[in-house]
Amino acid sequence: MSEIAHVDRAPRSSEAIASLRGQVRDRPVIPLLGLTLVLVVAFAVTSPGSMRPEWVGIQLRAAIPLAILAGCQTLTMLTGGIDLSVGAVASIVGFLVATLEPNIGLPAALVFALLAAVLAGLITGIGVGVFRVHPLIMTLAMSLVVFGSANALQNLLVKIQSGVPDLVRSIGSDTLFGVLPYSLLVFVPLAALIFIGLWQTGYGRLLYAIGDNPIAARLSGARAWQVLVVLYVISALLAAVAGVLISGLTNVASVNLADTYVLPSVAAAVIGGTSIMGGRGGYGGTIVGALILTLLGSLLGTLGFPEAVRQVLFGAIIVAVAAAYTRVTAEA
Amino acid sequence: MSVATAPVGASRARPIEAISGWAHDNNWTLGLVGFLALLFVFTKLIQPSYGSAGIQGLANSMLPLALAAVAQSIIIIAGGIDLSIASMMALTNVVAASQMRGQGEEYAVLVVIGVLLLGLVLGLVNGGLVVLTRVPDIVVTLAMLYVWAGCALLVLAAPGGSAADWLKDLASGSLISEWIPKSAVILIVIVTIVWIPLRRSRLGLAIYAVGSDRLAAFRSGVAVGRTKVIAYALGGLFAAFGGLALTASMGVGRPMLGGYTLMSIAAAVLGGVSLTGGRGGVFGPIVAVMILSLLQTDITLVGVNPNLATVLQGAILIGVLMLGSITQFRRSRT
């Protein structure tokens with residue numbers, strides 16, 4: 001009848017179980033890696049023919065943009081926020097790079113597209129940090145603005161060639177020896193930066209502090225608005241990188257390129273053990289969460305389920321994993 | 001212009017002594033109504049021929065989103081949020097359209113009742129999962145978005161089916177005077193029958209209590225879980241009304257619908273419903289939907305790139321919310 005009744009109940013579990021729960025809560029990566037392994041085994045059993053080295057490359061290549069976008073969600077969720085504008089920002093960046101490159105060259109196009117992303121992130125950050133608009137609705141409104149601007153730009157900018165610049169396509173979709181995708185060259189340094197940022201810098205701790213207890217953080221001298229403005233700019237930049245990779249992967253530059261990634265990116269962060277209420281989580285779990293969602297999607301595809309059944313199973317599995325996770329880590 | 005805003009004023013007729021108190025509690029909604037009136041004046045200025053036909057088109061096009069916004073508002077007031085509204089609308093829309101195909105007009109009445117019950121059940125499942133699993137609302141309903149969308153595709157893989165003539169007739173044309181569109185009457189009737197008695201009941205109070213402070217509600221003897229499930233079920237019911245409105249206006253079922261979930265959240269918040277729960281009503285969000293729809297019309301009339309309408313909608317949303325939070329911030333300081 002009520003969760004509060006459960007919380008009020010005296011702890012029954014023994015210490016061993018309690019410590020196991022603590023382990024799972026603090027290191028969600030271990031059980032998640034187990035789940036990944038189960039999915040890989042399921043793949044190997046159901047379609048042995050597909051288990052070639054190239055398979056690894058294909059899965060990684062698809063998981064990397066999702067993992068980057070889920071990184072945006074992880075960082076914002078740590079402060080109790082969320083960033084629903086990542087899809088629109090990623091799309092407009094991919095679109096701008098592909099459209100401007102024939103005219104002004106790749107470096108200038110990249111700079112211009114990144115500036116657009118920074119601007120969007122800055123406005124979002126000011127709305128959330130200074131004006132205290134709820135992040136959900138602020139990023140939602142921002143994605144309307146960005147998507148509309150992209151559509152308007154599409155009518156202004158006449159596209160000379162189809163497809164995206166060769167370098168972008170190569171980074172987004174080519175692989176080394178068919179196994180290691182070039183996008184790892186972008187992803188590994190980026191992930192390292194996020195890890196170091198979260199664990200080794202004061203800024204990372206501020207993110208946790210603000211999400212865990214905003215009042216305590218303020219009383220300890222943290223200026224939440226500065227942290228949040230910077231956070232949403234970082235999030236927009238990450239989305240921009242993901243946008244370039246997605247346009248390279250699909251070889252399309254359309255204004256709603258990355259829309260379908262938004263909800264899975266939230267799901268990946270949640271499955272990875274980041275609390276949507278703020279203050280708890282990390283990027284390691286998120287990466288594995290993105291891997292799990294990618295594997296799950298392609299496994300359901302390989303099994304030959306129609307799109308409809310795939311969506312139902314996808315949703316049901318997200319609920320099941322999240323519920324199991326909540327049950328295990330609930331503070332008894 | 002007074003004609004244009006007349007139905008809005010008429011629906012809120014109350015005893016004089018209650019009006020000043022109501023105005024004090026609802027200054028946000030009053031501001032919205034004022035903004036809407038300005039928007040109507042502006043529309044008339046840029047398009048002198050804008051009249052009953054324009055009102056008619058506005059009412060018809062806003063009906064599904066208005067119902068979605070009511071659904072979302074009830075759930076948000078109870079302290080939740082439902083990202084699966086659009087999928088539930090799609091599912092009820094295709095079930096209605098596929099069941100009505102090749103059937104008689106009377107059978108369609110049964111279909112409508114069945115689809116409304118289906119909406120209640122979908123909402124019950126969402127709410128039940130939220131309460132039982134204790135996973136945050138946003139995550140559960142995000143996942144259910146996929147489940148219901150998949151179910152909609154299972155029912156109807158491509159747009160198809162048909163709608164009964166009386167249902168199509170309900171959502172078009174006007175009643176008594178050409179200034180009173182039927183769809184506006186339907187919206188007012190549905191909201192009046194379902195929401196107003198509820199809001200004045202014990203259950204309505206419980207919904208506000210749970211959204212405002214669940215621990216306090218629990219300690220005061222409110223069945224927190226049950227109240228939340230009922231709020232989700234009501235949201236499902238209104239989503240089903242929205243799905244039926246879509247069936248009526250399109251005349252077919254479409255398994256893929258975009259935009260309704262996010263726009264319903266935007267309309268709820270713009271209409272004065274607090275995302276933290278416990279504050280707001282359903283009247284404000286309906287006015288917000290009218291503003292958003294009229295804005296789209298105006299942009300088309302002005303002849304600006306229609307894509308800028310989206311930009312402007314987002315910009316207005318941002319501007320209004322920033323303004324709202326500044327005034328709230330000031331009030332809490334003094």
# chains A, B, ... in the order shown; residues from 1 in each chain; ligands from 1

$ interface_residues --of "chain B" --to "chain A" --cutoff "7 Å" --atoms "only C-alpha atoms" --output "count of residues only"
29

$ residues_around --residues "stretch 211-219 of chain A" --least-positions-apart "4" --cutoff "12 Å" --atoms "only C-alpha atoms" --output "ChimeraX atom specification"
/A:74-82,204-207,223-228,274-281

$ write_last_selection --atoms "C-alpha atoms" --output "mmCIF file, in the first residue's frame"
data_model
loop_
_atom_site.group_PDB
_atom_site.id
_atom_site.type_symbol
_atom_site.label_atom_id
_atom_site.label_comp_id
_atom_site.auth_asym_id
_atom_site.auth_seq_id
_atom_site.Cartn_x
_atom_site.Cartn_y
_atom_site.Cartn_z
ATOM 1 C CA THR A 74 24.397 10.863 -15.620
ATOM 2 C CA LEU A 75 26.048 14.212 -14.921
ATOM 3 C CA THR A 76 22.776 16.140 -14.822
ATOM 4 C CA MET A 77 20.980 13.436 -12.840
ATOM 5 C CA LEU A 78 23.704 13.586 -10.168
ATOM 6 C CA THR A 79 22.488 17.111 -9.380
ATOM 7 C CA GLY A 80 18.859 15.978 -9.427
ATOM 8 C CA GLY A 81 18.326 17.265 -12.986
ATOM 9 C CA ILE A 82 17.890 15.716 -16.408
ATOM 10 C CA GLY A 204 32.771 16.545 -9.482
ATOM 11 C CA ARG A 205 32.199 16.459 -5.730
ATOM 12 C CA LEU A 206 30.092 19.601 -5.993
ATOM 13 C CA LEU A 207 27.809 17.790 -8.444
ATOM 14 C CA ARG A 223 27.496 28.345 -5.484
ATOM 15 C CA ALA A 224 24.968 26.055 -7.094
ATOM 16 C CA TRP A 225 24.128 28.359 -9.979
ATOM 17 C CA GLN A 226 27.723 28.483 -11.224
ATOM 18 C CA VAL A 227 28.029 24.710 -10.997
ATOM 19 C CA LEU A 228 24.760 24.217 -12.891
ATOM 20 C CA THR A 274 22.486 6.576 -11.258
ATOM 21 C CA SER A 275 19.642 7.838 -9.115
ATOM 22 C CA ILE A 276 17.287 10.219 -10.877
ATOM 23 C CA MET A 277 16.771 11.921 -7.505
ATOM 24 C CA GLY A 278 20.406 13.022 -7.461
ATOM 25 C CA GLY A 279 23.510 12.439 -5.420
ATOM 26 C CA ARG A 280 24.144 8.799 -6.289
ATOM 27 C CA GLY A 281 25.649 7.071 -9.286
#

$ residues_around --residues "stretch 233-237 of chain B" --least-positions-apart "4" --cutoff "10 Å" --atoms "only C-alpha atoms" --output "ChimeraX atom specification"
/B:67-76,81-82,84-85,88-89,92,115-128,194-195,227-229,241-243

$ closest_residue --among "B:Leu167, B:Pro48, B:Ser249, B:Ala90" --to "B:Glu105" --atoms "only C-alpha atoms"
B:Leu167

$ select_by_dssp --residues "stretch 65-160 of chain B" --states "helix (DSSP H, G or I)" --output "compact mmCIF listing (two decimals) with C-alpha atoms, in the first residue's frame"
# COMPACT_ATOMS: atom_id res chain seq x y z
CA LEU B 65 -3.68 17.99 -26.63
CA ALA B 66 -6.05 19.60 -24.12
CA LEU B 67 -7.19 16.17 -22.92
CA ALA B 68 -3.58 14.98 -22.76
CA ALA B 69 -2.69 18.08 -20.72
CA VAL B 70 -5.55 17.36 -18.28
CA ALA B 71 -4.32 13.76 -17.93
CA GLN B 72 -0.75 14.90 -17.30
CA SER B 73 -1.86 17.61 -14.85
CA ILE B 74 -3.81 15.21 -12.62
CA ILE B 75 -0.81 12.87 -12.42
CA ILE B 76 1.68 15.68 -11.78
CA ILE B 77 -0.57 17.14 -9.05
CA ILE B 85 0.66 9.55 -22.27
CA ALA B 86 1.27 9.71 -26.04
CA SER B 87 1.65 5.91 -26.25
CA MET B 88 -1.57 5.38 -24.29
CA MET B 89 -3.33 7.80 -26.65
CA ALA B 90 -1.94 5.91 -29.63
CA LEU B 91 -3.03 2.56 -28.20
CA THR B 92 -6.58 3.70 -27.37
CA ASN B 93 -6.75 5.47 -30.74
CA VAL B 94 -5.88 2.34 -32.75
CA VAL B 95 -8.05 0.04 -30.62
CA ALA B 96 -11.05 2.33 -31.19
CA ALA B 97 -10.38 2.69 -34.93
CA SER B 98 -9.73 -1.01 -35.55
CA GLN B 99 -12.82 -2.13 -33.57
CA MET B 100 -15.14 0.34 -35.28
CA GLU B 105 -23.12 2.91 -35.27
CA GLU B 106 -24.59 1.36 -32.11
CA TYR B 107 -21.68 -1.05 -31.70
CA ALA B 108 -19.38 1.97 -31.71
CA VAL B 109 -20.96 3.12 -28.42
CA LEU B 110 -19.77 -0.12 -26.83
CA VAL B 111 -16.33 0.41 -28.36
CA VAL B 112 -16.11 3.90 -26.87
CA ILE B 113 -17.04 2.60 -23.41
CA GLY B 114 -14.58 -0.28 -23.78
CA VAL B 115 -11.78 2.06 -24.86
CA LEU B 116 -12.38 4.34 -21.87
CA LEU B 117 -12.17 1.30 -19.57
CA LEU B 118 -8.99 0.27 -21.38
CA GLY B 119 -7.55 3.72 -20.63
CA LEU B 120 -8.36 3.28 -16.95
CA VAL B 121 -6.62 -0.11 -16.97
CA LEU B 122 -3.51 1.25 -18.72
CA GLY B 123 -3.30 3.99 -16.12
CA LEU B 124 -3.82 1.45 -13.34
CA VAL B 125 -0.90 -0.61 -14.66
CA ASN B 126 1.35 2.46 -14.78
CA GLY B 127 0.38 3.59 -11.29
CA GLY B 128 0.50 0.06 -9.89
CA LEU B 129 4.02 -0.45 -11.21
CA VAL B 130 5.17 2.90 -9.82
CA VAL B 131 3.81 2.10 -6.37
CA LEU B 132 4.80 -1.58 -6.25
CA THR B 133 8.33 -1.36 -7.66
CA ASP B 137 7.80 7.59 -11.81
CA ILE B 138 9.78 9.01 -14.67
CA VAL B 139 11.67 5.74 -15.19
CA VAL B 140 8.64 3.44 -15.00
CA THR B 141 6.54 5.54 -17.37
CA LEU B 142 9.52 5.95 -19.69
CA ALA B 143 9.66 2.17 -19.99
CA MET B 144 5.88 1.87 -20.31
CA LEU B 145 6.10 4.33 -23.20
CA TYR B 146 7.79 1.54 -25.16
CA VAL B 147 5.39 -1.13 -23.93
CA TRP B 148 2.20 0.76 -24.90
CA ALA B 149 3.71 1.94 -28.19
CA GLY B 150 4.60 -1.66 -29.02
CA CYS B 151 1.07 -2.78 -28.15
CA ALA B 152 -0.33 -0.06 -30.44
CA LEU B 153 1.82 -1.39 -33.28
CA LEU B 154 0.59 -4.93 -32.56
CA VAL B 155 -3.03 -3.79 -32.84

$ closest_residue --among "B:Leu312, B:Met263, B:Ala248, B:Leu63" --to "B:Ile188" --atoms "only C-alpha atoms"
B:Leu63

$ select_by_dssp --residues "stretch 39-182 of chain A" --states "strand (DSSP E or B)" --output "number ranges by chain"
A: 175-176, 180-181

$ residues_around --residues "A:Gly125" --least-positions-apart "4" --cutoff "8 Å" --atoms "only C-alpha atoms" --output "list of chain:residue names"
A:Gly121, A:Gly129, A:Val130, A:Leu228, A:Val229, A:Val230, A:Leu231, A:Tyr232, A:Val233
